[in-house]
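Just below is one structure, and these are the notes that go with it.
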Amino acid sequence: MTNSTATPTDLDTRLEAHRTELTGYCYRMLGSSFEAEDAVQDTMVRAWRSYDKFEGRSSLRSWLYRIATNVCLDMLTAGNKRARPMDLTESTPLAQAALSPRPDNTWLEPMPDARVLPMTSDPAEAAIAKESVRLAFMAALQKLPAKQRAVLILREVLAWKASEVAELLDTSVASVNSALQRARATLAERQEPGAEAAVSDPLDEDQQKLLDRYVAAFEGYDMTALTALLHEDAVMTMPPFDLWLTGVGDITGFMTTLGAPCAGSRLVPVQVNGLPGFAQYKPDPEKGGFSPWAVQVLEISDGRITGFHCFLDTQRWFPLFDLPLHLEAETDQVQEGA
């Protein structure tokens, strides 16, 4: 179908077919769930408005990626780089723990798998896609200059040829190869916390048992059981607060002091950033039942939980994951979030 024969309905359908993969691309570029969706919407609007100028010399997909790249590069000119708490401050001992929030645009944001990972029948392709949205990899991407970031994502994650990337960026193959080499070198120098997270797809039996034990320990607020599941150097973060804790003692100590109101919580499984996660609802003494408290993202390695990341801005995150904003007291489970 050429641009001269496409009806509005046909064009909408063809554009929408690329929304999930474009959202994944923009999310990796920007580190923000909502900015990524805004960027894709902007891309779709620009494509719609300029479709009559699309001459078909490249595929519609390549053309959309060119537009999306330009949108992301424009958004990144402000210089804002999304981060995790451990990228900004030192770990704080529990005795000095203070909850100091930073603005929303500081933080690397969580994203439901379904919004950024297109369906594929190729297990290897699916594994690469999941690994490329994990928090540690996303944090590493944020350390790269914007064009290097685009080159690395297009070449290493999406498997574009150097010539295709060069055409998209209006540059030479040599320039693309040089940018890729520099990006790889930067990532090799920075071993991000959480980079060792190893989660099979689907979860293997041992990983599923670990998660089942975690749910039982957390919902029961059993610190002895939780201690047995956490790696000795496990990390806990709580954006929008810049506090982060290292080690089992500080994590469980926090949970029984400042975090004590979370006792009696309920956990609902979600698929987030290519990793297992949970929507945490804590008891609501005023309304009864349970109210949203956090989207938890878990990093697992060698049979232990190494990362425990709690995103607390529930008014933003729970709708993004299609999760209800209240659980009735008798409802221990709801359908898994999208």
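Ligands are numbered from 1 in the order shown, chains are lettered A, B, ... in the order of the structure tokens, and residues start at 1 in each chain.
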Practice problem: Name all residues at most 9 Å from Pro110 (chain A) (count only C-alpha atoms; drop same-chain ones fewer than 3 positions away) and give them as a VMD selection string. | Solution: chain A and resid 31 to 33 135 272 to 273 295 297 311 317
Quiz item: Which neighbours of Cys26 (chain A) fall inside 10 Å, counting only C-alpha atoms, when residues of the same chain fewer than 4 positions from it are skipped, and could you give them as an NGL selection string?
Solution: :A and (20-22 or 30-33 or 35-40 or 65 or 68-69 or 71-73 or 116 or 150)
Quiz item: Which polymer residues have any atom within 10 Å of an atom of Ala83 (chain A), counting only C-alpha atoms, with same-chain residues fewer than 5 positions away left out, as a list in words?
Solution: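 The filter keeps Gly31, Leu88, Asn105, Thr106, Trp107, Leu108, Glu109, Leu135, Met138, Ala139, Ala140, Gln142, Lys143 and Pro239 of chain A.
One finds CA of Lys209 (chain A) at 28.4 Å from CA of Pro319 (chain A).
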From a DSSP pass on the backbone, collect the residues of region 18-182 of chain A flagged as strand (DSSP E or B) and hand them back as a compact mmCIF listing (two decimals) with all heavy atoms, in the first residue's frame.
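Listing of selection-v8.txt after writing:
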# COMPACT_ATOMS: atom_id res chain seq x y z
N ALA A 83 17.73 8.57 36.71
CA ALA A 83 18.68 7.85 37.56
C ALA A 83 17.94 7.02 38.60
O ALA A 83 16.74 7.18 38.82
CB ALA A 83 19.60 8.85 38.26
N PRO A 101 12.44 13.36 49.45
CA PRO A 101 12.01 13.16 48.05
C PRO A 101 12.74 14.08 47.10
O PRO A 101 13.20 15.16 47.47
CB PRO A 101 10.52 13.50 48.11
CG PRO A 101 10.40 14.47 49.24
CD PRO A 101 11.44 14.07 50.24
N TRP A 107 13.92 10.54 38.38
CA TRP A 107 14.02 9.09 38.53
C TRP A 107 13.78 8.29 37.26
O TRP A 107 12.90 8.61 36.45
CB TRP A 107 13.02 8.62 39.60
CG TRP A 107 13.23 9.30 40.91
CD1 TRP A 107 12.37 10.15 41.55
CD2 TRP A 107 14.40 9.24 41.72
NE1 TRP A 107 12.93 10.61 42.71
CE2 TRP A 107 14.17 10.06 42.85
CE3 TRP A 107 15.61 8.55 41.62
CZ2 TRP A 107 15.12 10.22 43.86
CZ3 TRP A 107 16.56 8.71 42.63
CH2 TRP A 107 16.31 9.53 43.73
N PRO A 112 5.37 -1.38 32.63
CA PRO A 112 4.81 -2.71 32.42
C PRO A 112 5.38 -3.36 31.16
O PRO A 112 5.49 -2.70 30.12
CB PRO A 112 3.31 -2.45 32.26
CG PRO A 112 3.07 -1.08 32.80
CD PRO A 112 4.35 -0.32 32.59
Quiz item: Which residues come within 12 Å of Gly277 (chain A), counting only C-alpha atoms, excluding same-chain residues fewer than 5 positions away, as a count of residues only?
Solution: 34
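Separating CA of Lys53 (chain A) from CA of Asp74 (chain A) is a distance of 21.4 Å.
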Quiz item: Out of region 58-278 of chain A, which residues get alpha helix (DSSP H) from DSSP, as a ChimeraX atom specification?
Solution: /A:60-76,85-88,113-116,123-131,135-141,146-152,162-169,173-189,205-219,223-229,248-256
Exercise. Please provide as a ChimeraX atom specification all residues within 12 Å of Gln191 (chain A), with the sequence filter that same-chain residues fewer than 5 positions apart are discarded (counting only C-alpha atoms).
Key: /A:87,136-137,139-141,143,184-186,196-197
Kindly provide the residues of region 272-335 of chain A that approach region 216-222 of chain A to within 10 Å, each paired with its closest atom pair and their distance in Å to one decimal, based on only C-alpha atoms, listed by chain and increasing number, as a tab-separated table.
residue	atom	partner	partner_atom	distance
A:Gln280	CA	A:Glu219	CA	9.5
A:Tyr281	CA	A:Glu219	CA	10.0
A:Lys282	CA	A:Glu219	CA	9.5
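Among the candidates A:Arg149, A:His231, A:Lys287, A:Arg49, the residue lying nearest to Leu11 (chain A) is A:Arg49 (atoms considered: only C-alpha atoms).
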Exercise. Find the residues near Ile67 (chain A): any atom within 8 Å, counting only C-alpha atoms, skip ones fewer than 5 places away on the same chain, and give them as a ChimeraX atom specification.
Key: /A:43,46-47
Based on the selection just made, write N, CA, C and O atoms of those residues as an mmCIF file, in the first residue's frame.
data_model
loop_
_atom_site.group_PDB
_atom_site.id
_atom_site.type_symbol
_atom_site.label_atom_id
_atom_site.label_comp_id
_atom_site.auth_asym_id
_atom_site.auth_seq_id
_atom_site.Cartn_x
_atom_site.Cartn_y
_atom_site.Cartn_z
ATOM 1 N N THR A 43 5.197 11.091 17.833
ATOM 2 C CA THR A 43 5.662 10.426 16.608
ATOM 3 C C THR A 43 4.482 10.087 15.701
ATOM 4 O O THR A 43 4.536 10.318 14.478
ATOM 5 N N ARG A 46 3.085 13.285 14.117
ATOM 6 C CA ARG A 46 3.977 13.776 13.051
ATOM 7 C C ARG A 46 3.881 12.888 11.814
ATOM 8 O O ARG A 46 3.878 13.390 10.676
ATOM 9 N N ALA A 47 3.807 11.578 12.033
ATOM 10 C CA ALA A 47 3.712 10.655 10.895
ATOM 11 C C ALA A 47 2.411 10.870 10.134
ATOM 12 O O ALA A 47 2.381 10.882 8.897
#
Exercise. May I ask which of the residues A:Arg190, A:Arg115, A:Arg61, A:Arg14 is the closest one to Trp160 (chain A), counting only C-alpha atoms?
Key: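 Result for the nearest residue to Trp160 (chain A): A:Arg61.
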Exercise. For each of A:Asn177, A:Ser265, A:Arg213, A:Phe278, take the minimum atom-to-atom distance to Ser163 (chain A), counting only C-alpha atoms, then give the residue where this is smallest.
Key: A:Asn177
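Take CA of Leu226 (chain A) and CA of Asp284 (chain A): the distance between them is 23.3 Å.
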